[in-house]
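Q: Following this line is run.txt, made up of compact mmCIF, C-alpha atoms:
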# COMPACT_ATOMS: atom_id res chain seq x y z
CA MET A 1 114.67 137.09 -0.49
CA GLY A 2 113.39 134.60 -3.11
CA GLY A 3 113.11 131.54 -0.96
CA HIS A 4 111.71 129.37 -3.75
CA HIS A 5 113.53 126.35 -2.44
CA HIS A 6 110.92 125.90 0.27
CA SER A 7 108.20 125.19 -2.24
CA HIS A 8 108.21 121.48 -1.54
CA HIS A 9 107.16 122.04 2.07
CA VAL A 10 104.21 124.13 1.11
CA GLU A 11 101.84 121.29 0.25
CA LYS A 12 101.67 120.18 3.87
CA ILE A 13 100.18 123.46 5.02
CA LEU A 14 97.18 123.12 2.73
CA PRO A 15 93.90 122.09 4.29
CA GLU A 16 92.63 118.90 2.65
CA THR A 17 89.47 120.54 1.34
CA THR A 18 91.03 122.85 -1.26
CA HIS A 19 90.23 121.89 -4.81
CA ILE A 20 93.46 123.21 -6.34
CA SER A 21 95.73 120.44 -7.54
CA ARG A 22 99.44 120.40 -6.93
CA GLU A 23 100.12 120.87 -10.67
CA GLU A 24 97.91 123.97 -10.76
CA ARG A 25 99.71 125.43 -7.78
CA GLN A 26 103.11 124.71 -9.30
CA SER A 27 102.21 126.30 -12.63
CA ALA A 28 100.67 129.33 -10.86
CA THR A 29 103.83 129.72 -8.78
CA ARG A 30 106.02 129.42 -11.85
CA LYS A 31 103.93 131.97 -13.77
CA VAL A 32 104.00 134.53 -10.93
CA THR A 33 107.74 134.06 -10.49
CA LEU A 34 108.42 134.53 -14.21
CA VAL A 35 106.18 137.62 -14.48
CA GLY A 36 107.96 139.07 -11.43
CA ALA A 37 111.36 138.27 -12.90
CA ALA A 38 110.49 139.83 -16.28
CA LEU A 39 109.13 143.04 -14.77
CA ASN A 40 112.04 143.33 -12.32
CA THR A 41 114.56 142.89 -15.15
CA VAL A 42 113.03 145.78 -17.10
CA LEU A 43 112.78 147.97 -13.99
CA SER A 44 116.32 147.35 -12.77
CA LEU A 45 117.93 147.97 -16.16
CA ALA A 46 115.82 151.12 -16.64
CA GLN A 47 116.81 152.39 -13.19
CA ILE A 48 120.53 151.72 -13.61
CA ALA A 49 120.59 153.32 -17.08
CA GLY A 50 118.38 156.20 -15.88
CA GLY A 51 120.63 156.71 -12.86
CA PHE A 52 123.71 157.13 -15.04
CA LEU A 53 121.90 159.43 -17.48
CA THR A 54 120.33 161.68 -14.84
CA GLN A 55 123.30 161.51 -12.45
CA SER A 56 121.26 160.03 -9.60
CA GLN A 57 123.18 157.68 -7.35
CA ALA A 58 120.01 156.70 -5.52
CA LEU A 59 118.46 155.40 -8.77
CA ILE A 60 121.56 153.34 -9.53
CA ALA A 61 121.50 151.88 -6.00
CA ASP A 62 117.82 151.01 -6.34
CA GLY A 63 118.46 149.40 -9.71
CA PHE A 64 121.08 147.17 -8.11
CA HIS A 65 118.68 146.42 -5.26
CA THR A 66 116.10 145.15 -7.76
CA LEU A 67 118.78 143.29 -9.71
CA SER A 68 120.09 141.58 -6.58
CA ASP A 69 116.60 140.15 -6.01
CA LEU A 70 116.51 138.84 -9.52
CA VAL A 71 119.91 137.22 -9.32
CA SER A 72 118.99 135.65 -6.01
CA ASP A 73 115.75 134.30 -7.49
CA PHE A 74 117.63 132.69 -10.35
CA VAL A 75 120.35 131.31 -8.08
CA VAL A 76 117.67 129.82 -5.87
CA LEU A 77 115.85 128.28 -8.85
CA PHE A 78 119.07 126.93 -10.35
CA ALA A 79 120.51 125.68 -7.06
CA SER A 80 117.28 124.07 -5.95
CA HIS A 81 117.15 122.27 -9.30
CA LEU A 82 120.66 120.93 -8.63
CA ALA A 83 119.93 120.30 -4.98
CA HIS A 84 116.98 118.07 -5.78
CA GLN A 85 119.08 115.62 -7.76
CA GLU A 86 119.12 112.18 -6.21
CA ALA A 87 122.01 111.08 -4.03
CA ASP A 88 124.85 109.46 -5.98
CA ASP A 89 128.12 107.65 -5.21
CA ASN A 90 130.06 110.86 -4.63
CA HIS A 91 127.26 112.55 -2.68
CA PRO A 92 125.60 109.80 -0.63
CA TYR A 93 123.70 112.38 1.44
CA GLY A 94 122.24 114.11 -1.63
CA HIS A 95 123.04 117.56 -3.04
CA GLY A 96 121.15 119.74 -0.54
CA ARG A 97 124.23 121.75 0.43
CA ILE A 98 124.70 123.06 -3.14
CA GLU A 99 121.80 125.40 -2.48
CA THR A 100 123.40 126.51 0.78
CA LEU A 101 126.77 127.17 -0.79
CA ALA A 102 125.17 129.10 -3.67
CA THR A 103 123.33 131.25 -1.12
CA VAL A 104 126.56 132.08 0.72
CA ILE A 105 128.28 133.07 -2.55
CA LEU A 106 125.28 135.17 -3.53
CA GLY A 107 125.24 136.85 -0.12
CA LEU A 108 128.91 137.74 -0.44
CA MET A 109 128.34 139.18 -3.93
CA LEU A 110 125.43 141.31 -2.70
CA ALA A 111 127.47 142.52 0.26
CA GLY A 112 130.17 143.60 -2.19
CA VAL A 113 127.65 145.52 -4.32
CA ALA A 114 126.18 147.20 -1.22
CA VAL A 115 129.58 148.28 0.09
CA ALA A 116 130.61 149.62 -3.35
CA ILE A 117 127.42 151.71 -3.68
CA PHE A 118 127.78 152.99 -0.12
CA MET A 119 131.43 153.95 -0.51
CA GLN A 120 130.76 155.71 -3.78
CA ALA A 121 127.89 157.76 -2.35
CA TRP A 122 129.94 158.56 0.75
CA GLY A 123 132.91 159.60 -1.36
CA ARG A 124 130.74 161.81 -3.54
CA MET A 125 129.20 163.55 -0.52
CA PHE A 126 132.56 164.42 0.99
CA SER A 127 134.58 165.03 -2.15
CA GLY A 128 134.39 168.80 -1.78
CA VAL A 129 133.10 169.04 -5.37
CA PRO A 130 129.60 170.56 -5.59
CA LEU A 131 127.05 167.71 -5.77
CA PRO A 132 125.30 167.32 -9.12
CA ILE A 133 121.53 167.67 -8.87
CA PRO A 134 119.77 164.73 -10.55
CA GLN A 135 117.75 165.78 -13.60
CA PRO A 136 114.00 166.03 -12.92
CA ILE A 137 113.30 163.09 -15.28
CA ALA A 138 114.91 160.84 -12.59
CA LEU A 139 111.66 161.33 -10.63
CA ALA A 140 109.76 159.56 -13.42
CA PHE A 141 112.09 156.53 -13.23
CA ALA A 142 111.64 156.27 -9.45
CA ALA A 143 107.86 156.66 -9.75
CA ALA A 144 107.71 153.95 -12.44
CA ALA A 145 109.64 151.61 -10.13
CA ILE A 146 107.23 152.25 -7.25
CA ILE A 147 104.17 151.62 -9.44
CA GLY A 148 105.69 148.49 -11.00
CA LYS A 149 106.70 146.93 -7.68
CA GLU A 150 103.42 147.78 -5.96
CA ALA A 151 101.56 146.22 -8.90
CA LEU A 152 103.72 143.11 -8.55
CA TYR A 153 102.86 142.98 -4.84
CA HIS A 154 99.11 142.98 -5.53
CA TYR A 155 99.37 140.50 -8.40
CA THR A 156 101.54 138.07 -6.39
CA MET A 157 99.38 138.38 -3.27
CA ARG A 158 96.21 137.65 -5.23
CA THR A 159 97.71 134.44 -6.65
CA ALA A 160 99.15 133.49 -3.24
CA LYS A 161 95.68 133.69 -1.68
CA ARG A 162 94.10 131.78 -4.56
CA VAL A 163 96.49 128.83 -4.37
CA ASN A 164 97.06 129.26 -0.62
CA SER A 165 100.85 129.46 -0.82
CA PRO A 166 102.79 130.91 2.13
CA MET A 167 105.91 131.05 -0.04
CA LEU A 168 104.23 133.30 -2.61
CA LYS A 169 102.87 135.50 0.18
CA ALA A 170 106.43 135.98 1.39
CA ASN A 171 107.45 136.85 -2.18
CA ALA A 172 104.65 139.40 -2.40
CA TRP A 173 105.84 141.16 0.74
CA HIS A 174 109.27 141.12 -0.81
CA HIS A 175 108.00 143.14 -3.78
CA ARG A 176 106.40 145.58 -1.38
CA SER A 177 109.63 146.08 0.58
CA ASP A 178 111.30 146.82 -2.77
CA ALA A 179 108.63 149.41 -3.46
CA ILE A 180 109.46 151.04 -0.12
CA SER A 181 113.12 151.31 -1.12
CA SER A 182 112.00 153.05 -4.33
CA VAL A 183 109.90 155.50 -2.25
CA ILE A 184 113.07 156.43 -0.31
CA VAL A 185 114.81 157.01 -3.67
CA LEU A 186 111.94 159.18 -4.94
CA LEU A 187 112.15 161.32 -1.78
CA GLY A 188 115.93 161.63 -2.15
CA ILE A 189 115.67 162.79 -5.77
CA ALA A 190 112.79 165.15 -4.98
CA GLY A 191 114.75 166.63 -2.06
CA ALA A 192 117.70 167.21 -4.38
CA GLN A 193 115.42 169.14 -6.80
CA PHE A 194 114.42 171.42 -3.93
CA GLY A 195 117.98 172.43 -3.22
CA TYR A 196 119.20 169.61 -0.95
CA PRO A 197 121.51 167.74 -3.35
CA TRP A 198 123.00 165.63 -0.49
CA LEU A 199 119.65 163.80 -0.15
CA ASP A 200 120.33 161.79 -3.33
CA PRO A 201 123.56 160.13 -2.07
CA VAL A 202 121.95 159.71 1.37
CA ALA A 203 119.07 157.79 -0.27
CA ALA A 204 121.68 155.70 -2.13
CA MET A 205 123.35 154.87 1.21
CA VAL A 206 120.02 153.88 2.79
CA VAL A 207 119.31 151.50 -0.12
CA ALA A 208 122.88 150.15 0.12
CA ALA A 209 122.24 149.44 3.81
CA MET A 210 119.05 147.55 2.85
CA ILE A 211 121.01 145.42 0.34
CA LEU A 212 123.69 144.76 2.96
CA TYR A 213 121.07 143.67 5.50
CA MET A 214 119.61 141.25 2.97
CA ALA A 215 123.10 139.89 2.19
CA ALA A 216 123.93 139.46 5.88
CA GLN A 217 120.77 137.42 6.45
CA LEU A 218 121.61 135.11 3.57
CA ILE A 219 125.21 134.62 4.71
CA MET A 220 124.29 134.04 8.38
CA GLU A 221 121.57 131.49 7.67
CA SER A 222 123.63 129.47 5.23
CA THR A 223 126.97 129.51 7.03
CA SER A 224 125.29 128.32 10.22
CA GLU A 225 124.05 125.36 8.18
CA LEU A 226 127.47 124.70 6.61
CA VAL A 227 129.04 124.42 10.05
CA ASP A 228 126.31 121.95 11.15
CA THR A 229 124.47 124.21 13.58
CA GLY A 230 121.67 122.29 15.30
CA LEU A 231 118.02 123.28 15.42
CA ALA A 232 116.84 125.75 18.05
CA PRO A 233 116.90 124.27 21.61
CA GLU A 234 113.10 124.37 21.86
CA GLU A 235 112.72 122.46 18.57
CA VAL A 236 115.22 119.84 19.75
CA GLN A 237 113.34 119.57 23.06
CA GLU A 238 110.06 119.05 21.20
CA ILE A 239 111.58 116.22 19.12
CA HIS A 240 113.17 114.73 22.26
CA ASP A 241 109.87 114.70 24.17
CA PHE A 242 108.04 113.24 21.20
CA ILE A 243 110.51 110.33 20.92
CA ALA A 244 110.54 109.73 24.69
CA ASP A 245 106.76 109.19 24.65
CA ILE A 246 106.89 106.40 22.07
CA GLU A 247 106.21 102.93 23.46
CA GLY A 248 109.34 100.88 24.13
CA VAL A 249 111.65 103.90 24.48
CA GLU A 250 112.93 104.10 28.05
CA ASN A 251 115.20 107.09 27.61
CA VAL A 252 116.61 109.36 24.88
CA HIS A 253 120.15 110.12 25.98
CA LEU A 254 121.64 111.70 22.87
CA LEU A 255 119.85 113.66 20.16
CA ARG A 256 121.74 115.61 17.51
CA THR A 257 120.25 117.62 14.65
CA ARG A 258 121.57 119.62 11.69
CA ARG A 259 120.20 121.16 8.54
CA MET A 260 120.93 120.31 4.94
CA GLY A 261 119.21 122.33 2.22
CA GLY A 262 115.58 122.56 3.31
CA ASN A 263 115.78 119.34 5.32
CA VAL A 264 116.68 118.34 8.84
CA LEU A 265 118.95 115.36 9.61
CA ALA A 266 118.89 113.83 13.09
CA ASP A 267 120.56 111.06 15.00
CA ALA A 268 119.38 109.69 18.33
CA HIS A 269 120.56 107.17 20.93
CA LEU A 270 117.57 105.44 22.47
CA GLN A 271 117.67 103.29 25.57
CA VAL A 272 115.39 100.25 25.51
CA ASN A 273 114.91 97.33 27.87
CA GLY A 274 118.19 95.37 27.67
CA ARG A 275 116.44 92.00 27.78
CA ILE A 276 114.33 92.31 24.62
CA SER A 277 115.39 90.66 21.39
CA VAL A 278 117.40 92.38 18.65
CA SER A 279 114.38 92.28 16.35
CA GLU A 280 112.12 93.97 18.91
CA GLY A 281 114.75 96.68 19.38
CA HIS A 282 114.79 97.15 15.62
CA PHE A 283 110.99 97.29 15.55
CA ILE A 284 111.02 100.07 18.17
CA SER A 285 113.58 102.07 16.17
CA ASP A 286 111.44 101.69 13.02
CA GLN A 287 108.40 102.94 14.91
CA VAL A 288 110.33 105.97 16.16
CA MET A 289 111.60 106.75 12.66
CA HIS A 290 108.19 106.42 11.02
CA ARG A 291 106.33 108.52 13.61
CA LEU A 292 109.03 111.16 13.78
CA ARG A 293 108.93 111.79 10.04
CA LYS A 294 105.15 111.90 10.07
CA ARG A 295 105.06 114.40 12.94
CA PHE A 296 107.99 116.56 11.68
CA PRO A 297 107.85 116.49 7.85
CA ASP A 298 111.11 118.49 7.57
CA ILE A 299 113.06 115.59 9.05
CA LYS A 300 114.38 113.72 6.06
CA ASP A 301 116.76 111.25 7.61
CA VAL A 302 117.04 109.81 11.13
CA ILE A 303 119.80 107.52 12.32
CA ILE A 304 118.80 105.62 15.45
CA HIS A 305 121.20 103.82 17.76
CA ILE A 306 119.63 101.37 20.21
CA ASP A 307 121.23 101.03 23.66
CA PRO A 308 120.41 98.54 26.42
CA GLU A 309 121.87 100.99 28.95
CA ASP A 310 123.03 104.58 29.08
CA ASP A 311 126.52 104.31 27.54
CA GLU A 312 127.10 108.02 27.20
CA THR A 313 129.11 108.39 30.40
CA ALA A 314 130.73 104.94 30.68
CA HIS A 315 131.07 101.73 28.72
CA PRO A 316 130.87 99.09 31.47
CA SER A 317 130.57 96.14 29.08
CA GLN A 318 133.46 97.06 26.83
CA ASN A 319 136.00 94.55 28.15
CA LEU A 320 133.72 91.55 28.57
CA PRO A 321 134.41 88.39 26.57
CA SER A 322 132.44 87.70 23.39
CA ARG A 323 130.12 84.71 23.01
CA GLU A 324 132.85 82.54 21.42
CA GLU A 325 135.42 83.43 24.05
CA LEU A 326 133.01 82.75 26.90
CA LEU A 327 131.83 79.39 25.54
CA ALA A 328 135.43 78.31 24.90
CA THR A 329 136.33 79.16 28.51
CA LEU A 330 133.34 77.22 29.85
CA GLN A 331 133.95 74.22 27.59
CA ALA A 332 137.53 74.02 28.81
CA MET A 333 136.28 73.39 32.38
CA PRO A 334 135.76 69.73 33.23
CA ALA A 335 132.98 70.60 35.71
CA THR A 336 130.71 71.74 32.86
CA ALA A 337 131.00 68.55 30.80
CA ALA A 338 127.96 66.82 32.31
CA LEU A 339 125.58 69.56 31.18
CA TRP A 340 126.77 70.16 27.59
CA PRO A 341 124.68 67.44 25.92
CA ALA A 342 121.50 68.91 27.42
CA ILE A 343 122.17 72.49 26.28
CA ASP A 344 120.20 73.58 23.22
CA ASP A 345 120.83 77.33 23.19
CA PHE A 346 122.65 80.11 25.01
CA THR A 347 121.32 83.66 25.37
CA LEU A 348 123.74 86.27 26.65
CA HIS A 349 122.74 89.65 28.12
CA TYR A 350 125.45 92.26 28.52
CA ASN A 351 124.30 94.61 31.27
CA ASP A 352 126.11 96.80 33.80
CA GLY A 353 129.49 95.24 33.16
CA LYS A 354 128.24 91.68 33.75
CA ILE A 355 127.09 88.89 31.47
CA GLN A 356 123.81 87.26 32.29
CA LEU A 357 123.55 83.82 30.87
CA GLU A 358 120.36 81.97 30.02
CA LEU A 359 120.55 78.31 29.04
CA MET A 360 117.81 76.58 27.09
CA LEU A 361 117.89 72.88 27.95
CA GLN A 362 116.46 70.07 25.82
CA GLU A 363 115.73 67.72 28.73
CA THR A 364 115.78 68.03 32.48
CA PRO A 365 119.35 67.34 33.59
CA SER A 366 120.39 65.96 36.97
CA PRO A 367 120.59 68.52 39.81
CA GLU A 368 124.25 67.44 40.16
CA ALA A 369 125.08 68.51 36.57
CA ILE A 370 123.41 71.88 37.13
CA ARG A 371 125.26 72.42 40.40
CA THR A 372 128.73 71.72 38.99
CA PHE A 373 127.98 73.95 35.97
CA GLN A 374 126.86 76.70 38.34
CA GLN A 375 130.12 76.41 40.29
CA ALA A 376 132.14 76.58 37.10
CA CYS A 377 130.30 79.77 36.13
CA ASP A 378 130.76 81.30 39.57
CA SER A 379 134.51 80.97 39.14
CA ILE A 380 134.30 83.24 36.07
CA THR A 381 133.92 86.67 37.64
CA CYS A 382 132.10 88.41 34.78
CA ILE A 383 129.10 86.04 34.87
CA GLU A 384 126.43 87.38 37.12
CA HIS A 385 123.38 85.23 36.84
CA LEU A 386 122.24 81.94 35.39
CA GLY A 387 118.80 81.00 34.22
CA PHE A 388 117.98 77.42 33.30
CA PHE A 389 114.94 76.96 31.10
CA THR A 390 113.88 73.51 30.03
CA LYS A 391 112.37 73.29 26.59
CA LEU A 392 109.28 71.13 26.57
CA VAL A 393 109.65 68.99 23.52
CA HIS A 394 106.34 67.48 22.43
CA SER A 395 106.94 64.40 20.40
Produce structure tokens that represent the structure in this file.
A:
Amino acid sequence: MGGHHHSHHVEKILPETTHISREERQSATRKVTLVGAALNTVLSLAQIAGGFLTQSQALIADGFHTLSDLVSDFVVLFASHLAHQEADDNHPYGHGRIETLATVILGLMLAGVAVAIFMQAWGRMFSGVPLPIPQPIALAFAAAAIIGKEALYHYTMRTAKRVNSPMLKANAWHHRSDAISSVIVLLGIAGAQFGYPWLDPVAAMVVAAMILYMAAQLIMESTSELVDTGLAPEEVQEIHDFIADIEGVENVHLLRTRRMGGNVLADAHLQVNGRISVSEGHFISDQVMHRLRKRFPDIKDVIIHIDPEDDETAHPSQNLPSREELLATLQAMPATAALWPAIDDFTLHYNDGKIQLELMLQETPSPEAIRTFQQACDSITCIEHLGFFTKLVHS
């Protein structure tokens, strides 16, 4: 079904050596899409009108099948235009979900059309009234549809190979599957001419089932995105392993993914060595972000949370005092007074429910001052370890 909104991923599949510029590929894609749309419009209107005139339900169903493709193509083009607008104040995450919502609505509309066609054909078969035999001219309409769609398949496939576009190849196969539905219709009408009038409504029901299948796929894909379904487990595992291998990452203990439009959003909790500086932790998270987006181009946005320890199961450091509280407690103790003038800087490490304290000293204090400070700290239960480092000041 259409699928034009994936066009912006296509560039990455191209080998570097091709001489076709991005502009050329875009204009070729646009041209093929417009030619397809024009031809399909003519075919679908001809089939629906022809179906009413010749009393062939199969032709009407096929006309709607072609029309549903067209509508979906236009919805995709329109929605992807809206979806690619930049993020704004009301939509800080961008407009990617507009496309998704449009696809769900479209899927529901198609499902409605399919059910209506099916019910009508079913009702006509079992109405007890003799079935009308489609007029022979209906065969010409069905044949024209087959020829038109098969021609579209070849034309689209040729362009797809020339500009090396997987999206256009998919579109080409789409035209061919449409041609197959028209073959079913042709057989139904022909069968009716040979005295099996029930074959026409049966063909209509087969086409209705094809439309319903298409609608179901659209609805399933897009609703799973609207309810924030993650990527497939193997894809998540691949991303997980990739992050875990990056230097500085000790453990990945939470990785969540979801889709938005054609993009993937992820957030990860990474465990790093608890004794590195904030800026080194930030550097590691930047590295992860940069490499991840390079390796998985679909990932648009990654939120990274840096942890010094695995806090998924417990939060051992939650109730520890903050820097200000701790220093105030220490300053209030007379035993620490002797060391204060020598202290230049405090570094605190919050690990495993304890605070590790490192003091940077300007000059070497007396062993007595260090000992009394140590005793004062030992009386505060949450302090685990003390490091004294003397700064060598070169005058």
Q: Restrict the calculation to all atoms listed in the file, then for each residue of region 161-256 of chain A with any atom at most 12 Å from an atom of region 90-96 of chain A give the closest atom pair and their distance in Å to one decimal, rows by chain and rising residue number, as a tab-separated table.
A:
residue	atom	partner	partner_atom	distance
A:Ser222	CA	A:Gly96	CA	11.6
A:Glu225	CA	A:Gly96	CA	10.8
A:Leu226	CA	A:Gly96	CA	10.8
Q: Might you pull out every residue within 12 Å of region 247-257 of chain A, with all atoms listed in the file counted and same-chain residues fewer than 2 positions away left off, and present them as a ChimeraX atom specification?
A: /A:225,228-233,235-245,259-260,263-276,280-288,291,298-313
Q: Since we have the selection now, will you write its residues out, keeping C-alpha atoms, as a JSON list (two decimals), in the coordinates of the input?
A:
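Resulting contents of again_32.json:
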[["chain", "number", "residue", "atom", "x", "y", "z"],
["A", 225, "GLU", "CA", 124.05, 125.36, 8.18],
["A", 228, "ASP", "CA", 126.31, 121.95, 11.15],
["A", 229, "THR", "CA", 124.47, 124.21, 13.58],
["A", 230, "GLY", "CA", 121.67, 122.29, 15.30],
["A", 231, "LEU", "CA", 118.02, 123.28, 15.42],
["A", 232, "ALA", "CA", 116.84, 125.75, 18.05],
["A", 233, "PRO", "CA", 116.90, 124.27, 21.61],
["A", 235, "GLU", "CA", 112.72, 122.46, 18.57],
["A", 236, "VAL", "CA", 115.22, 119.84, 19.75],
["A", 237, "GLN", "CA", 113.34, 119.57, 23.06],
["A", 238, "GLU", "CA", 110.06, 119.05, 21.20],
["A", 239, "ILE", "CA", 111.58, 116.22, 19.12],
["A", 240, "HIS", "CA", 113.17, 114.73, 22.26],
["A", 241, "ASP", "CA", 109.87, 114.70, 24.17],
["A", 242, "PHE", "CA", 108.04, 113.24, 21.20],
["A", 243, "ILE", "CA", 110.51, 110.33, 20.92],
["A", 244, "ALA", "CA", 110.54, 109.73, 24.69],
["A", 245, "ASP", "CA", 106.76, 109.19, 24.65],
["A", 259, "ARG", "CA", 120.20, 121.16, 8.54],
["A", 260, "MET", "CA", 120.93, 120.31, 4.94],
["A", 263, "ASN", "CA", 115.78, 119.34, 5.32],
["A", 264, "VAL", "CA", 116.68, 118.34, 8.84],
["A", 265, "LEU", "CA", 118.95, 115.36, 9.61],
["A", 266, "ALA", "CA", 118.89, 113.83, 13.09],
["A", 267, "ASP", "CA", 120.56, 111.06, 15.00],
["A", 268, "ALA", "CA", 119.38, 109.69, 18.33],
["A", 269, "HIS", "CA", 120.56, 107.17, 20.93],
["A", 270, "LEU", "CA", 117.57, 105.44, 22.47],
["A", 271, "GLN", "CA", 117.67, 103.29, 25.57],
["A", 272, "VAL", "CA", 115.39, 100.25, 25.51],
["A", 273, "ASN", "CA", 114.91, 97.33, 27.87],
["A", 274, "GLY", "CA", 118.19, 95.37, 27.67],
["A", 275, "ARG", "CA", 116.44, 92.00, 27.78],
["A", 276, "ILE", "CA", 114.33, 92.31, 24.62],
["A", 280, "GLU", "CA", 112.12, 93.97, 18.91],
["A", 281, "GLY", "CA", 114.75, 96.68, 19.38],
["A", 282, "HIS", "CA", 114.79, 97.15, 15.62],
["A", 283, "PHE", "CA", 110.99, 97.29, 15.55],
["A", 284, "ILE", "CA", 111.02, 100.07, 18.17],
["A", 285, "SER", "CA", 113.58, 102.07, 16.17],
["A", 286, "ASP", "CA", 111.44, 101.69, 13.02],
["A", 287, "GLN", "CA", 108.40, 102.94, 14.91],
["A", 288, "VAL", "CA", 110.33, 105.97, 16.16],
["A", 291, "ARG", "CA", 106.33, 108.52, 13.61],
["A", 298, "ASP", "CA", 111.11, 118.49, 7.57],
["A", 299, "ILE", "CA", 113.06, 115.59, 9.05],
["A", 300, "LYS", "CA", 114.38, 113.72, 6.06],
["A", 301, "ASP", "CA", 116.76, 111.25, 7.61],
["A", 302, "VAL", "CA", 117.04, 109.81, 11.13],
["A", 303, "ILE", "CA", 119.80, 107.52, 12.32],
["A", 304, "ILE", "CA", 118.80, 105.62, 15.45],
["A", 305, "HIS", "CA", 121.20, 103.82, 17.76],
["A", 306, "ILE", "CA", 119.63, 101.37, 20.21],
["A", 307, "ASP", "CA", 121.23, 101.03, 23.66],
["A", 308, "PRO", "CA", 120.41, 98.54, 26.42],
["A", 309, "GLU", "CA", 121.87, 100.99, 28.95],
["A", 310, "ASP", "CA", 123.03, 104.58, 29.08],
["A", 311, "ASP", "CA", 126.52, 104.31, 27.54],
["A", 312, "GLU", "CA", 127.10, 108.02, 27.20],
["A", 313, "THR", "CA", 129.11, 108.39, 30.40]]
Q: Please determine the residues with any atom at most 12 Å from (127.7, 170.1, -4.2) (coordinates as given in the file, with only C-alpha atoms counting) and report them as a ChimeraX atom specification.
A: /A:124-134,192,195-201
Q: In Å to one decimal, how far is CA of Ala342 (chain A) from CA of Leu359 (chain A)?
A: 9.6 Å
Q: List the residues sitting within 12 Å of (109.6, 154.2, -7.3) in the file's frame, using only C-alpha atoms, as number ranges by chain.
A: A: 43-44, 46-47, 58-59, 62-63, 66, 138-151, 175-190
Q: To one decimal place, how far is CA of Arg25 (chain A) from CA of Ala172 (chain A) in Å?
A: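 That distance, rounded to one decimal, is 15.8 Å.
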Q: Please report the interatomic distance between CA of Ala121 (chain A) and CA of Thr54 (chain A) in Å with one decimal.
A: 15.1 Å
Q: Name all residues at most 10 Å from Ala208 (chain A) (count all atoms listed in the file; drop same-chain ones fewer than 4 positions away) and give them as JSON, numbers by chain.
A: {"A": [58, 61, 62, 64, 65, 110, 111, 113, 114, 115, 116, 117, 118, 119, 121, 181, 202, 203, 204, 212, 213, 214]}
Q: Identify which of the residues A:Gly36, A:Arg30, A:Arg97, A:Met109 lies closest to Leu152 (chain A), counting all atoms listed in the file when measuring atom-to-atom distances.
A: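 Among A:Gly36, A:Arg30, A:Arg97, A:Met109, it is A:Gly36 that comes nearest to Leu152 (chain A).
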Q: Which of these residues is nearest to Gln55 (chain A), using all atoms listed in the file: A:Ala328, A:Thr29, A:Pro136, A:Leu34?
A: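 Residue with the minimum atom-to-atom distance to Gln55 (chain A): A:Pro136.
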Q: So, with all atoms listed in the file as the atoms that count, which of A:Glu368, A:Ile380, A:Leu45, A:Leu361 lies closest to Leu327 (chain A)?
A: A:Ile380
Q: Looking at A:Gly112, A:Gly123, A:Pro341, A:Gly51, which one is nearest to Met360 (chain A), with distances taken over all atoms listed in the file?
A: A:Pro341
Q: Quick one: residues within 9 Å of Leu108 (chain A), all atoms listed in the file counted, chain neighbours fewer than 5 positions away excluded, as a ChimeraX atom specification?
A: /A:103,113,215-216,218-219
Q: Using all atoms listed in the file, pick whichever of A:Ala314, A:Met289, A:Val32, A:Ala338 has the shortest atom-to-atom distance to Ala160 (chain A).
A: A:Val32
Q: Hey, which of A:Leu106, A:Val71, A:Val163, A:Val35 ends up closest to Glu23 (chain A)? Count all atoms listed in the file.
A: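 Nearest to Glu23 (chain A): A:Val163.
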